[in-house]
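J.: File coords18.cif below, mmCIF, C-alpha atoms:
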data_entry
#
loop_
_atom_site.label_atom_id
_atom_site.label_comp_id
_atom_site.auth_asym_id
_atom_site.auth_seq_id
_atom_site.Cartn_x
_atom_site.Cartn_y
_atom_site.Cartn_z
CA MET F 1 0.00 0.00 0.00
CA LEU F 2 2.41 2.65 -1.21
CA GLY F 3 -0.72 4.75 -1.03
CA SER F 4 -3.35 2.93 1.02
CA LEU F 5 -6.51 3.23 -1.03
CA CYS F 6 -9.81 4.39 0.41
CA LEU F 7 -11.45 1.13 -0.64
CA ALA F 8 -13.32 0.59 2.60
CA LEU F 9 -14.79 -2.89 2.83
CA ALA F 10 -17.48 -1.77 5.24
CA ALA F 11 -16.87 -5.28 6.52
CA CYS F 12 -17.30 -4.37 10.14
CA ASP F 13 -20.41 -2.31 9.61
CA PRO F 14 -23.82 -3.91 9.96
CA ALA F 15 -26.47 -4.27 7.31
CA PRO F 16 -27.98 -0.97 6.21
CA ARG F 17 -30.93 0.25 8.24
CA THR F 18 -34.07 -1.46 7.02
CA ILE F 19 -36.59 0.63 8.98
CA ASP F 20 -36.88 4.29 9.87
CA THR F 21 -38.69 3.98 13.21
CA PRO F 22 -37.02 5.39 16.33
CA SER F 23 -34.56 3.07 18.07
CA ARG F 24 -33.04 3.03 21.54
CA GLY F 25 -30.02 4.82 20.06
CA ASP F 26 -32.24 7.74 19.06
CA ALA F 27 -33.57 8.40 22.56
CA SER F 28 -31.74 11.50 23.73
CA GLY F 29 -32.44 10.76 27.37
CA SER F 30 -30.83 7.30 27.32
CA VAL F 31 -27.43 7.98 25.78
CA THR F 32 -24.72 6.19 27.74
CA PRO F 33 -21.72 8.44 28.49
CA LEU F 34 -18.69 7.24 26.57
CA PRO F 35 -15.93 5.70 28.70
CA ARG F 36 -12.19 6.05 28.31
CA MET F 37 -10.63 4.63 25.17
CA ASN F 38 -9.45 1.03 25.29
CA HIS F 39 -6.09 -0.06 23.86
CA PHE F 40 -4.67 -3.42 22.89
CA ASP F 41 -1.51 -4.70 24.52
CA SER F 42 0.69 -5.25 21.48
CA LYS F 43 2.16 -8.73 21.37
CA PRO F 44 4.40 -10.76 19.04
CA ALA F 45 2.64 -12.54 16.20
CA PRO F 46 3.24 -16.29 15.71
CA LEU F 47 5.34 -17.33 12.75
CA PRO F 48 3.33 -18.43 9.71
CA ASP F 49 2.51 -22.11 9.44
CA ARG F 50 3.22 -22.36 5.72
CA SER F 51 5.87 -23.81 3.45
CA ASN F 52 9.12 -21.85 3.22
CA ALA F 53 9.27 -22.79 -0.46
CA ASP F 54 5.99 -20.99 -1.07
CA MET F 55 7.06 -18.01 1.04
CA ALA F 56 10.32 -17.73 -0.92
CA ARG F 57 8.19 -17.16 -4.00
CA ASP F 58 6.12 -14.62 -2.05
CA PHE F 59 9.29 -12.79 -0.97
CA LEU F 60 10.51 -12.44 -4.55
CA ASP F 61 7.14 -11.31 -5.90
CA LEU F 62 6.74 -8.78 -3.09
CA HIS F 63 10.20 -7.24 -3.58
CA PHE F 64 10.67 -7.26 -7.33
CA ALA F 65 7.42 -5.76 -8.58
CA LEU F 66 5.11 -2.82 -7.89
CA GLU F 67 1.35 -2.97 -7.47
CA GLY F 68 0.79 -1.65 -10.99
CA GLY F 69 2.83 -4.47 -12.50
CA SER F 70 6.18 -2.72 -13.06
CA ARG F 71 9.20 -4.96 -12.50
CA LEU F 72 11.98 -3.82 -10.16
CA PRO F 73 15.53 -4.74 -11.21
CA VAL F 74 17.18 -4.79 -7.78
CA LEU F 75 16.47 -5.26 -4.09
CA THR F 76 16.40 -2.08 -2.01
CA ARG F 77 16.44 -1.65 1.74
CA PHE F 78 18.01 0.64 4.32
CA GLU F 79 21.62 -0.14 5.16
CA GLY F 80 22.59 0.57 8.77
CA PRO F 81 20.62 2.00 11.72
CA ILE F 82 17.33 3.72 10.89
CA ASN F 83 16.14 6.87 12.62
CA VAL F 84 12.41 7.63 12.60
CA THR F 85 11.00 11.05 13.38
CA VAL F 86 7.46 12.44 13.62
CA THR F 87 6.50 15.88 12.33
CA GLY F 88 3.30 17.78 11.60
CA GLN F 89 0.53 17.58 14.18
CA PRO F 90 0.60 14.05 15.63
CA THR F 91 -2.09 12.77 17.95
CA ALA F 92 -1.42 11.16 21.32
CA THR F 93 -2.45 7.76 19.96
CA LEU F 94 -0.04 8.10 17.04
CA ASN F 95 2.93 8.33 19.39
CA ARG F 96 1.68 5.48 21.55
CA ASP F 97 1.01 3.16 18.62
CA LEU F 98 4.25 4.09 16.88
CA GLN F 99 6.27 3.15 19.95
CA ALA F 100 4.51 -0.22 20.13
CA LEU F 101 5.14 -0.81 16.42
CA LEU F 102 8.82 0.12 16.60
CA THR F 103 9.24 -2.25 19.54
CA ARG F 104 7.67 -5.07 17.54
CA LEU F 105 9.84 -4.35 14.49
CA ARG F 106 13.01 -4.42 16.58
CA ARG F 107 12.07 -7.64 18.38
CA GLU F 108 10.30 -9.62 15.66
CA ALA F 109 12.02 -8.37 12.52
CA GLY F 110 15.42 -7.49 13.99
CA ILE F 111 15.46 -4.06 12.31
CA PRO F 112 17.59 -1.40 14.08
CA LEU F 113 14.97 1.36 14.42
CA ARG F 114 14.83 4.21 16.90
CA GLN F 115 12.66 7.28 17.20
CA VAL F 116 14.42 10.63 17.33
CA SER F 117 13.13 14.10 18.04
CA ALA F 118 12.04 16.43 15.25
CA GLY F 119 15.03 18.25 13.80
CA THR F 120 17.37 15.27 14.22
CA PRO F 121 18.46 13.74 10.89
CA ALA F 122 16.22 10.77 10.12
CA GLN F 123 15.92 8.19 7.38
CA ILE F 124 12.12 7.98 7.84
CA THR F 125 9.87 10.97 8.53
CA ILE F 126 6.25 10.40 9.53
CA GLU F 127 4.26 13.58 8.90
CA ALA F 128 0.80 13.83 10.46
CA VAL F 129 -1.52 15.96 8.33
CA THR F 130 -5.25 16.15 7.70
CA ARG F 131 -7.10 13.70 5.51
CA ALA F 132 -7.99 16.60 3.21
CA GLN F 133 -4.31 17.47 2.73
CA ILE F 134 -3.55 13.88 1.77
CA GLN F 135 -6.43 13.63 -0.66
CA ARG F 136 -5.62 16.95 -2.31
CA THR F 137 -2.30 15.31 -3.16
CA LEU F 138 -3.48 11.73 -3.88
CA PRO F 139 -7.30 11.69 -4.07
CA GLN F 140 -7.69 7.92 -3.56
CA ALA F 141 -5.14 7.57 -0.76
CA ALA F 142 -5.79 7.25 2.96
CA CYS F 143 -2.04 7.44 3.62
CA PHE F 144 1.08 6.92 1.52
CA VAL F 145 4.88 6.72 1.48
CA VAL F 146 7.31 8.44 -0.92
CA PRO F 147 11.09 8.09 -1.38
CA ASN F 148 13.62 10.93 -1.19
CA VAL F 149 11.42 13.52 0.53
CA SER F 150 10.84 14.53 4.14
CA SER F 151 7.60 16.55 3.95
CA LEU F 152 4.38 16.85 2.01
CA ASP F 153 5.47 20.25 0.71
CA GLU F 154 8.71 18.76 -0.59
CA TYR F 155 6.80 15.95 -2.29
CA ARG F 156 4.47 18.40 -4.02
CA ARG F 157 7.50 20.21 -5.43
CA LYS F 158 9.22 17.00 -6.56
CA ARG F 159 6.34 14.67 -7.40
CA ASN F 160 7.11 14.61 -11.13
CA GLN F 161 10.82 13.93 -10.62
CA LEU F 162 12.44 10.51 -10.97
CA SER F 163 13.74 10.75 -7.40
CA THR F 164 10.21 10.23 -6.03
CA SER F 165 9.47 7.25 -8.27
CA TRP F 166 9.61 3.82 -6.64
CA ALA F 167 10.20 2.26 -10.05
CA ASP F 168 13.43 4.26 -10.42
CA LEU F 169 14.64 3.79 -6.84
CA ARG F 170 17.99 2.00 -6.47
CA ARG F 171 18.84 2.85 -2.84
CA ARG F 172 16.73 3.71 0.20
CA GLU F 173 18.25 6.61 2.07
CA ARG F 174 15.40 8.99 2.97
CA LEU F 175 11.63 8.77 2.70
CA ALA F 176 8.44 10.17 4.18
CA ILE F 177 5.16 8.62 5.30
CA PHE F 178 2.05 10.80 5.31
CA VAL F 179 -0.72 9.79 7.73
CA PRO F 180 -4.04 11.47 8.63
CA ASN F 181 -4.41 13.01 12.09
CA ASP F 182 -8.19 13.47 11.95
CA VAL F 183 -9.37 9.87 11.62
CA SER F 184 -10.08 7.18 14.20
CA PRO F 185 -7.08 6.00 16.23
CA GLN F 186 -7.36 2.57 14.62
CA GLU F 187 -7.32 3.93 11.08
CA LEU F 188 -4.22 5.94 11.94
CA ARG F 189 -2.55 2.89 13.51
CA ASP F 190 -3.38 0.77 10.47
CA CYS F 191 -1.71 3.36 8.24
CA LEU F 192 1.41 3.26 10.41
CA HIS F 193 1.65 -0.52 10.12
CA GLU F 194 1.05 -0.66 6.36
CA GLU F 195 3.19 2.27 5.30
CA LEU F 196 6.11 1.70 7.67
CA ALA F 197 6.26 -1.94 6.56
CA GLN F 198 6.51 -0.89 2.94
CA ALA F 199 8.91 1.92 3.76
CA LEU F 200 11.24 -0.72 5.18
CA GLY F 201 10.61 -3.67 2.92
CA PRO F 202 8.34 -5.05 0.18
CA LEU F 203 6.79 -2.56 -2.23
CA ASN F 204 4.20 -4.86 -3.79
CA ASP F 205 0.83 -6.23 -2.64
CA LEU F 206 -0.44 -9.71 -3.50
CA TYR F 207 -4.09 -10.76 -3.26
CA ARG F 208 -2.98 -14.39 -2.99
CA LEU F 209 -1.53 -13.82 0.50
CA PRO F 210 -4.04 -14.99 3.14
CA ASP F 211 -2.05 -13.80 6.16
CA SER F 212 -0.55 -10.41 5.40
CA VAL F 213 -1.06 -6.64 5.32
CA PHE F 214 0.72 -6.80 1.94
CA ASN F 215 -2.70 -7.46 0.42
CA ASP F 216 -5.16 -4.85 -0.84
CA ASP F 217 -8.16 -6.67 0.62
CA ASN F 218 -7.49 -4.81 3.92
CA VAL F 219 -8.50 -7.85 5.98
CA HIS F 220 -5.46 -7.59 8.26
CA THR F 221 -5.03 -4.39 10.22
CA VAL F 222 -1.67 -4.96 11.97
CA LEU F 223 1.54 -6.69 10.89
CA THR F 224 1.27 -10.47 10.99
CA GLY F 225 3.82 -13.19 11.63
CA PHE F 226 4.25 -13.58 7.87
CA ASP F 227 4.92 -9.85 7.52
CA MET F 228 7.53 -9.90 10.26
CA LEU F 229 9.21 -12.90 8.67
CA MET F 230 9.37 -11.11 5.31
CA LEU F 231 10.89 -8.04 6.99
CA ARG F 232 13.39 -10.07 8.99
CA ALA F 233 14.44 -11.85 5.80
CA THR F 234 14.76 -8.49 4.02
CA TYR F 235 17.36 -7.37 6.57
CA ALA F 236 19.20 -10.69 6.75
CA PRO F 237 23.00 -10.23 6.47
CA ASP F 238 22.98 -12.54 3.44
CA LEU F 239 21.24 -9.85 1.37
CA ARG F 240 22.17 -6.31 0.42
CA THR F 241 20.89 -3.42 -1.64
CA GLY F 242 21.47 -3.83 -5.37
CA MET F 243 21.07 -7.62 -5.59
CA THR F 244 19.09 -8.89 -8.57
CA ARG F 245 16.09 -11.18 -8.37
CA GLU F 246 18.25 -14.12 -9.42
CA GLN F 247 20.82 -13.38 -6.73
CA VAL F 248 18.15 -13.08 -4.05
CA ALA F 249 16.39 -16.23 -5.30
CA ALA F 250 19.61 -18.18 -4.77
CA ARG F 251 19.85 -17.11 -1.12
CA ILE F 252 16.31 -16.66 0.19
CA PRO F 253 15.51 -20.40 0.70
CA ALA F 254 18.40 -20.81 3.16
CA ILE F 255 17.48 -17.55 4.91
CA LEU F 256 13.88 -18.64 5.45
CA ASN F 257 14.92 -22.11 6.61
CA ARG F 258 17.20 -20.49 9.19
CA LEU F 259 14.57 -18.01 10.39
CA ASN F 260 11.58 -20.37 10.24
CA PRO F 261 12.74 -24.00 10.63
CA ARG F 262 9.28 -25.52 10.78
CA GLY F 263 8.46 -24.02 7.40
CA GLU F 264 11.15 -26.16 5.84
CA ARG F 265 9.15 -29.24 6.83
CA ARG F 266 5.85 -27.99 5.41
CA ALA F 267 4.81 -29.34 2.03
CA SER F 268 4.61 -26.80 -0.76
CA ASP F 269 1.05 -25.85 -1.71
CA PRO F 270 1.39 -22.76 -3.89
CA LEU F 271 -1.63 -20.71 -4.87
CA PRO F 272 -1.93 -19.60 -8.49
CA SER F 273 -1.12 -16.01 -9.36
CA THR F 274 -3.90 -13.47 -9.44
CA PRO F 275 -4.83 -12.21 -12.92
CA ARG F 276 -5.25 -8.50 -13.35
CA ARG F 277 -8.87 -8.87 -14.49
CA TRP F 278 -9.90 -10.30 -11.08
CA SER F 279 -8.03 -7.56 -9.20
CA ALA F 280 -9.69 -4.92 -11.36
CA ALA F 281 -13.13 -6.36 -10.64
CA VAL F 282 -12.44 -6.42 -6.90
CA GLU F 283 -11.15 -2.86 -6.91
CA ALA F 284 -14.23 -1.72 -8.84
CA ALA F 285 -16.51 -3.47 -6.33
CA LEU F 286 -14.69 -1.92 -3.38
CA GLY F 287 -14.41 1.50 -4.93
CA SER F 288 -18.09 1.77 -5.84
CA SER F 289 -20.76 3.13 -3.55
CA ASN F 290 -22.86 0.69 -1.58
CA SER F 291 -25.91 1.36 -3.74
CA GLY F 292 -26.79 0.92 -7.38
CA LEU F 293 -25.74 -1.72 -9.86
CA ALA F 294 -22.03 -0.89 -10.21
CA PRO F 295 -20.79 -2.78 -7.12
CA GLN F 296 -23.10 -5.71 -7.87
CA VAL F 297 -21.81 -6.04 -11.43
CA ALA F 298 -18.17 -5.75 -10.39
CA ALA F 299 -18.54 -8.22 -7.51
CA ALA F 300 -20.37 -10.71 -9.71
CA ARG F 301 -17.58 -10.42 -12.28
CA ALA F 302 -14.96 -11.16 -9.60
CA ALA F 303 -16.94 -14.22 -8.42
CA ALA F 304 -17.32 -15.49 -11.99
CA ILE F 305 -13.60 -15.13 -12.67
CA ALA F 306 -12.73 -16.94 -9.44
CA ARG F 307 -15.14 -19.75 -10.37
CA ASP F 308 -13.85 -20.07 -13.92
CA LEU F 309 -10.27 -20.23 -12.64
CA GLY F 310 -11.22 -23.06 -10.31
CA TRP F 311 -10.05 -21.25 -7.19
CA VAL F 312 -10.98 -22.76 -3.83
CA ASP F 313 -8.98 -20.36 -1.64
CA HIS F 314 -9.63 -17.12 0.24
CA ARG F 315 -9.90 -15.14 -3.01
CA ARG F 316 -12.95 -17.18 -3.99
CA ALA F 317 -14.36 -16.49 -0.53
CA PHE F 318 -13.62 -12.78 -0.85
CA SER F 319 -15.44 -12.68 -4.18
CA HIS F 320 -18.60 -14.10 -2.60
CA PHE F 321 -18.19 -11.74 0.34
CA LEU F 322 -18.27 -8.82 -2.08
CA VAL F 323 -21.34 -10.19 -3.87
CA GLY F 324 -23.14 -10.60 -0.55
CA ARG F 325 -22.13 -7.08 0.49
CA ALA F 326 -23.53 -5.65 -2.75
CA LYS F 327 -26.76 -7.69 -2.59
CA GLN F 328 -27.42 -7.11 1.09
CA PRO F 329 -29.55 -3.94 0.88
CA ALA F 330 -32.03 -5.42 -1.59
CA ASP F 331 -32.06 -9.18 -0.98
CA ARG F 332 -31.08 -10.32 2.50
CA ARG F 333 -31.60 -14.04 1.87
CA LEU F 334 -29.47 -14.01 -1.28
CA ALA F 335 -26.77 -12.02 0.52
CA LEU F 336 -26.81 -14.53 3.38
CA ALA F 337 -26.33 -17.38 0.90
CA HIS F 338 -23.26 -15.67 -0.57
CA PHE F 339 -21.76 -15.02 2.86
CA GLN F 340 -22.30 -18.67 3.78
CA THR F 341 -20.65 -19.72 0.51
CA ALA F 342 -17.71 -17.49 1.39
CA GLU F 343 -17.35 -19.34 4.70
CA ASN F 344 -17.13 -22.64 2.83
CA TYR F 345 -13.95 -21.46 1.13
CA LEU F 346 -12.34 -20.50 4.45
CA PRO F 347 -11.69 -23.84 6.14
CA SER F 348 -8.69 -22.93 8.30
CA PRO F 349 -9.61 -21.66 11.81
CA THR F 350 -6.23 -19.91 12.05
CA LEU F 351 -5.07 -18.94 8.55
CA HIS F 352 -8.50 -17.65 7.53
CA ALA F 353 -9.71 -16.39 10.90
CA PRO F 354 -9.72 -12.62 10.14
CA LEU F 355 -11.74 -12.96 6.92
CA ARG F 356 -14.04 -15.50 8.61
CA ALA F 357 -14.70 -12.92 11.33
CA LEU F 358 -15.63 -10.23 8.78
CA VAL F 359 -17.99 -12.63 7.03
CA ALA F 360 -19.48 -13.69 10.37
CA THR F 361 -20.21 -10.05 11.19
CA ARG F 362 -22.33 -9.70 8.07
CA ILE F 363 -24.08 -13.01 8.70
CA ALA F 364 -24.90 -12.01 12.28
CA ALA F 365 -26.36 -8.69 11.12
CA LEU F 366 -28.55 -10.47 8.60
CA HIS F 367 -29.77 -13.00 11.17
CA LEU F 368 -30.77 -10.11 13.44
CA SER F 369 -32.68 -8.38 10.66
CA LEU F 370 -34.47 -11.68 9.91
CA GLY F 371 -35.48 -12.18 13.55
CA GLU F 372 -33.02 -15.04 14.19
CA PRO F 373 -31.09 -13.88 17.29
CA ALA F 374 -29.83 -17.31 18.35
CA GLN F 375 -28.00 -17.72 15.04
CA ALA F 376 -26.55 -14.21 15.38
CA LEU F 377 -25.35 -14.98 18.89
CA ALA F 378 -23.60 -18.14 17.70
CA LYS F 379 -21.74 -16.22 15.01
CA THR F 380 -20.48 -13.34 17.14
CA GLY F 381 -18.66 -15.33 19.84
CA PRO F 382 -15.80 -16.84 17.76
CA ALA F 383 -15.53 -13.67 15.68
CA MET F 384 -15.01 -11.57 18.82
CA GLU F 385 -12.08 -13.78 19.81
CA THR F 386 -10.53 -13.19 16.40
CA ALA F 387 -11.10 -9.43 16.61
CA ARG F 388 -9.24 -9.34 19.93
CA ALA F 389 -6.40 -11.52 18.64
CA THR F 390 -5.94 -9.38 15.53
CA GLU F 391 -6.30 -6.06 17.40
CA ASN F 392 -9.31 -4.91 15.38
CA ALA F 393 -11.22 -2.65 17.76
CA ALA F 394 -13.75 -1.45 15.17
CA LEU F 395 -14.71 -5.03 14.43
CA LEU F 396 -14.75 -5.98 18.12
CA ALA F 397 -17.03 -3.09 19.06
CA THR F 398 -19.39 -3.87 16.19
CA LEU F 399 -19.57 -7.55 17.16
CA MET F 400 -20.30 -6.62 20.76
CA LEU F 401 -23.15 -4.38 19.66
CA LEU F 402 -24.54 -7.09 17.38
CA ARG F 403 -24.33 -9.61 20.21
CA ALA F 404 -26.06 -7.19 22.59
CA GLU F 405 -28.89 -6.73 20.09
CA ALA F 406 -29.27 -10.49 19.82
CA LEU F 407 -29.45 -10.77 23.61
CA ASP F 408 -32.13 -8.07 23.67
CA GLN F 409 -34.16 -9.99 21.10
CA MET F 410 -33.85 -13.05 23.35
CA SER F 411 -35.17 -11.06 26.37
CA ARG F 412 -31.79 -10.95 28.16
CA PRO F 413 -31.50 -7.16 28.70
CA THR F 414 -29.07 -7.22 31.63
CA GLU F 415 -26.45 -9.10 29.63
CA ALA F 416 -27.15 -6.94 26.60
CA ASN F 417 -26.64 -3.65 28.43
CA ALA F 418 -23.42 -4.84 30.06
CA LEU F 419 -22.00 -5.85 26.68
CA ARG F 420 -23.12 -2.60 25.11
CA ARG F 421 -21.28 -0.63 27.79
CA GLU F 422 -18.16 -2.75 27.29
CA SER F 423 -18.20 -2.08 23.56
CA LEU F 424 -17.89 1.68 23.96
CA GLY F 425 -14.25 1.77 25.06
CA TRP F 426 -13.29 -0.27 21.98
CA ALA F 427 -15.50 1.89 19.78
CA ARG F 428 -13.61 4.98 20.96
CA TYR F 429 -10.44 3.49 19.48
CA GLY F 430 -11.90 1.71 16.47
CA LEU F 431 -14.57 4.13 15.29
CA GLY F 432 -13.34 7.44 16.65
CA PRO F 433 -15.65 10.40 17.30
CA ASP F 434 -18.85 10.22 19.33
CA TRP F 435 -21.07 10.74 16.29
CA ALA F 436 -19.56 7.70 14.54
CA ILE F 437 -20.11 5.54 17.61
CA ARG F 438 -23.70 6.72 18.04
CA ALA F 439 -24.40 6.12 14.36
CA ARG F 440 -23.11 2.54 14.65
CA GLU F 441 -25.31 1.98 17.72
CA ARG F 442 -28.36 3.32 15.90
CA ASP F 443 -27.76 1.22 12.80
CA ILE F 444 -27.44 -1.98 14.80
CA ALA F 445 -30.43 -1.17 17.00
CA ALA F 446 -32.48 -0.67 13.82
CA LEU F 447 -31.77 -4.23 12.66
CA SER F 448 -34.56 -5.70 14.78
CA PRO F 449 -37.43 -6.78 12.52
#
Since I need it in another form, could you write the structure as structure tokens?

T.:
Amino acid sequence: MLGSLCLALAACDPAPRTIDTPSRGDASGSVTPLPRMNHFDSKPAPLPDRSNADMARDFLDLHFALEGGSRLPVLTRFEGPINVTVTGQPTATLNRDLQALLTRLRREAGIPLRQVSAGTPAQITIEAVTRAQIQRTLPQAACFVVPNVSSLDEYRRKRNQLSTSWADLRRRERLAIFVPNDVSPQELRDCLHEELAQALGPLNDLYRLPDSVFNDDNVHTVLTGFDMLMLRATYAPDLRTGMTREQVAARIPAILNRLNPRGERRASDPLPSTPRRWSAAVEAALGSSNSGLAPQVAAARAAAIARDLGWVDHRRAFSHFLVGRAKQPADRRLALAHFQTAENYLPSPTLHAPLRALVATRIAALHLSLGEPAQALAKTGPAMETARATENAALLATLMLLRAEALDQMSRPTEANALRRESLGWARYGLGPDWAIRARERDIAALSP
């Protein structure tokens, strides 16, 4: 995500409101005061349980191509210690989350990073600006990273020069990451993880990766064990800036076997490459509004391509997820069928857990709108565990609210109110401002048939 696209999945939002009658969230006299914001305790991610042979291929495809398809002739990385500085107008949560991320990168990826004060020479500058400033520069970007600049003003002056082109980069010496300071804390944190990872390492994204932020499906919000392994391998002493793909290919198998011994024993099970026509259909479905025929047509095209290619992996599931998302406003039963089909292509309780949780959120919302609270309750429990494990507060808060609504429908108001109160601290982090939290509460309360 050299420029993380504003292709919001709306995966952790409930079904659109189906009725316009007042709900408990609309009653001005019953608004629960919002508690303090909750935070996750950042923890190391487990190493991926996949074949090193397959991940060697992933490493090469991530490092020697750009998202648009351009081939990169050499490996680039920082050589030596890396100073990181923050400029602009950072929020309190930015500094907190950045410190947690830098700690993880030092421990899990072995990268010599340290934060320095503004004004100290730094290889990486993180500038906190408004969303509007970012989108005036790159209209489709939520955040982005650029080589050989240290500020947004400098990038605007140099944006048409070869020095700011990733395709022409041959050494990494100085770069800047631009993040929004007026979004939810989670959205800001997600930008830090995505952009700092690509500032340090791989420049490409691959839809075939089921366990990585280096994937434009935006299912993962923080760096995974796979991502940390790719970064650790990037900074292995066996590699250096300027090596060709062939030179890296000769060394990366031994590097991965050293860093991830159990992966050497795993049988290779490579997924086929992703054709551009499927990616284009997915991007069209994600980039369209949630109404009208455009997202339905694009999602159906992605599902048809996945079917015709004979895929049985997470990309097939994601295609059906998009179809269900597009169909949901007009045909709840058909949408439910597509979400259930998506689940069928996500058999692994660990590898596919994050996408399973997003699908489960949609299924639970539909069950609530169809007056089936017991089914909704069954779906939210496992998904909440995944949301906690993957540090997705927006998803966790939404699942808690869905579960509370199911408990209300089952005449268990005490449990429902307790869960609703618990959700608010996570919503502060995941959804941001009070109005966004209240809107989510109202939408979920309106699901009751």

J.: Calculate how many Å separate CA of Thr224 in chain F from CA of Asn392 in chain F, rounding to one decimal.

T.: 12.7 Å

J.: Suppose a student applies the PyMOL selection byres ((chain F and resi 431) around 9) to this structure; what residues should they get, written as a PDB file with C-alpha atoms, in the frame of the given file?

T.:
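Result file follows (out14.pdb):
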ATOM      1  CA  VAL F 183      -9.370   9.870  11.620  1.00  0.00           C
ATOM      2  CA  SER F 184     -10.080   7.180  14.200  1.00  0.00           C
ATOM      3  CA  PRO F 185      -7.080   6.000  16.230  1.00  0.00           C
ATOM      4  CA  GLN F 186      -7.360   2.570  14.620  1.00  0.00           C
ATOM      5  CA  GLU F 187      -7.320   3.930  11.080  1.00  0.00           C
ATOM      6  CA  ALA F 393     -11.220  -2.650  17.760  1.00  0.00           C
ATOM      7  CA  ALA F 394     -13.750  -1.450  15.170  1.00  0.00           C
ATOM      8  CA  ALA F 397     -17.030  -3.090  19.060  1.00  0.00           C
ATOM      9  CA  TRP F 426     -13.290  -0.270  21.980  1.00  0.00           C
ATOM     10  CA  ALA F 427     -15.500   1.890  19.780  1.00  0.00           C
ATOM     11  CA  ARG F 428     -13.610   4.980  20.960  1.00  0.00           C
ATOM     12  CA  TYR F 429     -10.440   3.490  19.480  1.00  0.00           C
ATOM     13  CA  GLY F 430     -11.900   1.710  16.470  1.00  0.00           C
ATOM     14  CA  GLY F 432     -13.340   7.440  16.650  1.00  0.00           C
ATOM     15  CA  PRO F 433     -15.650  10.400  17.300  1.00  0.00           C
ATOM     16  CA  ASP F 434     -18.850  10.220  19.330  1.00  0.00           C
ATOM     17  CA  ALA F 436     -19.560   7.700  14.540  1.00  0.00           C
ATOM     18  CA  ILE F 437     -20.110   5.540  17.610  1.00  0.00           C
ATOM     19  CA  ARG F 440     -23.110   2.540  14.650  1.00  0.00           C
TER      20      ARG F 440
END

J.: For the file shown, what are the residues hit by the PyMOL selection byres ((chain F and resi 194) around 8), laid out as a VMD selection string?

T.: chain F and resid 1 4 190 to 193 195 to 198 213 to 214 222 to 223

J.: If you apply the PyMOL selection byres ((chain F and resi 273) around 10) to this file, what residues do you get, as a list in words?

T.: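 When the PyMOL selection byres ((chain F and resi 273) around 10) is applied to the shown file, the picked residues are Leu206, Tyr207, Arg208, Pro270, Leu271, Pro272, Thr274, Pro275 and Arg276 of chain F.
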
J.: Convert the current residue selection to file output with C-alpha atoms, as a CSV table (one decimal), keeping the file's coordinate frame.

T.:
chain,number,residue,atom,x,y,z
F,206,LEU,CA,-0.4,-9.7,-3.5
F,207,TYR,CA,-4.1,-10.8,-3.3
F,208,ARG,CA,-3.0,-14.4,-3.0
F,270,PRO,CA,1.4,-22.8,-3.9
F,271,LEU,CA,-1.6,-20.7,-4.9
F,272,PRO,CA,-1.9,-19.6,-8.5
F,274,THR,CA,-3.9,-13.5,-9.4
F,275,PRO,CA,-4.8,-12.2,-12.9
F,276,ARG,CA,-5.2,-8.5,-13.4

J.: Nearest residue to Leu66 in chain F out of F:Val84, F:Ala304, F:Ala167, F:Leu395, using all atoms listed in the file?

T.: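 Between F:Val84, F:Ala304, F:Ala167, F:Leu395, the residue approaching Leu66 in chain F most closely is F:Ala167.
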
J.: Between F:Leu336, F:Val219, F:Ala132, F:Leu229, which is the closest to Phe318 in chain F once you count only C-alpha atoms?

T.: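 When distances to Phe318 in chain F are compared using only C-alpha atoms, the smallest one comes from F:Val219.
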
J.: For a quick check of understanding, using all atoms listed in the file, which of F:Ala357, F:Leu368, F:Leu293, F:Leu334 has the smallest distance to His320 in chain F?

T.: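 Checking each of F:Ala357, F:Leu368, F:Leu293, F:Leu334 against His320 in chain F, counting all atoms listed in the file, the winner is F:Leu334.
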
J.: Please return as an NGL selection string every residue within 10 Å of (-27.3, -14.7, 0.0), taking into account all atoms listed in the file and the file's own coordinates.

T.: :F and (320-321 or 323-325 or 327-328 or 331-341 or 363 or 366)

J.: For CA of Trp278 in chain F and CA of Cys143 in chain F, quote the distance in Å rounded to one decimal.

T.: 24.3 Å

J.: Do you have the CA of Thr93 in chain F-CA of His39 in chain F distance handy?

T.: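 Separation of CA of Thr93 in chain F and CA of His39 in chain F: 9.5 Å.
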
J.: Name the closest residue to Arg232 in chain F among the candidates F:Trp435, F:Trp311, F:Phe40, F:Phe59; distances are taken between atoms, counting all atoms listed in the file.

T.: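 Among the listed residues, F:Phe59 lies closest to Arg232 in chain F.
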
J.: What's around Asp408 in chain F at 12 Å? Count all atoms listed in the file, leave out sequence neighbours fewer than 2 positions away in its own chain, and write the answer as a VMD selection string.

T.: chain F and resid 24 368 371 to 374 376 to 377 401 to 406 410 to 420 444 to 445 447 to 448

J.: Pick out the residues sitting within 9 Å of range 145-148 of chain F, and hand them over as a list in words; count only C-alpha atoms, and ignore anything fewer than 3 positions along from it in its own chain.

T.: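 Counting only the stated atoms, we get Met1, Leu2, Gly3, Ile126, Tyr155, Ser163, Thr164, Ser165, Trp166, Leu169, Arg172, Glu173, Arg174, Leu175, Ala176, Ile177, Phe178, Val179, Glu195, Leu196, Gln198 and Ala199 of chain F.
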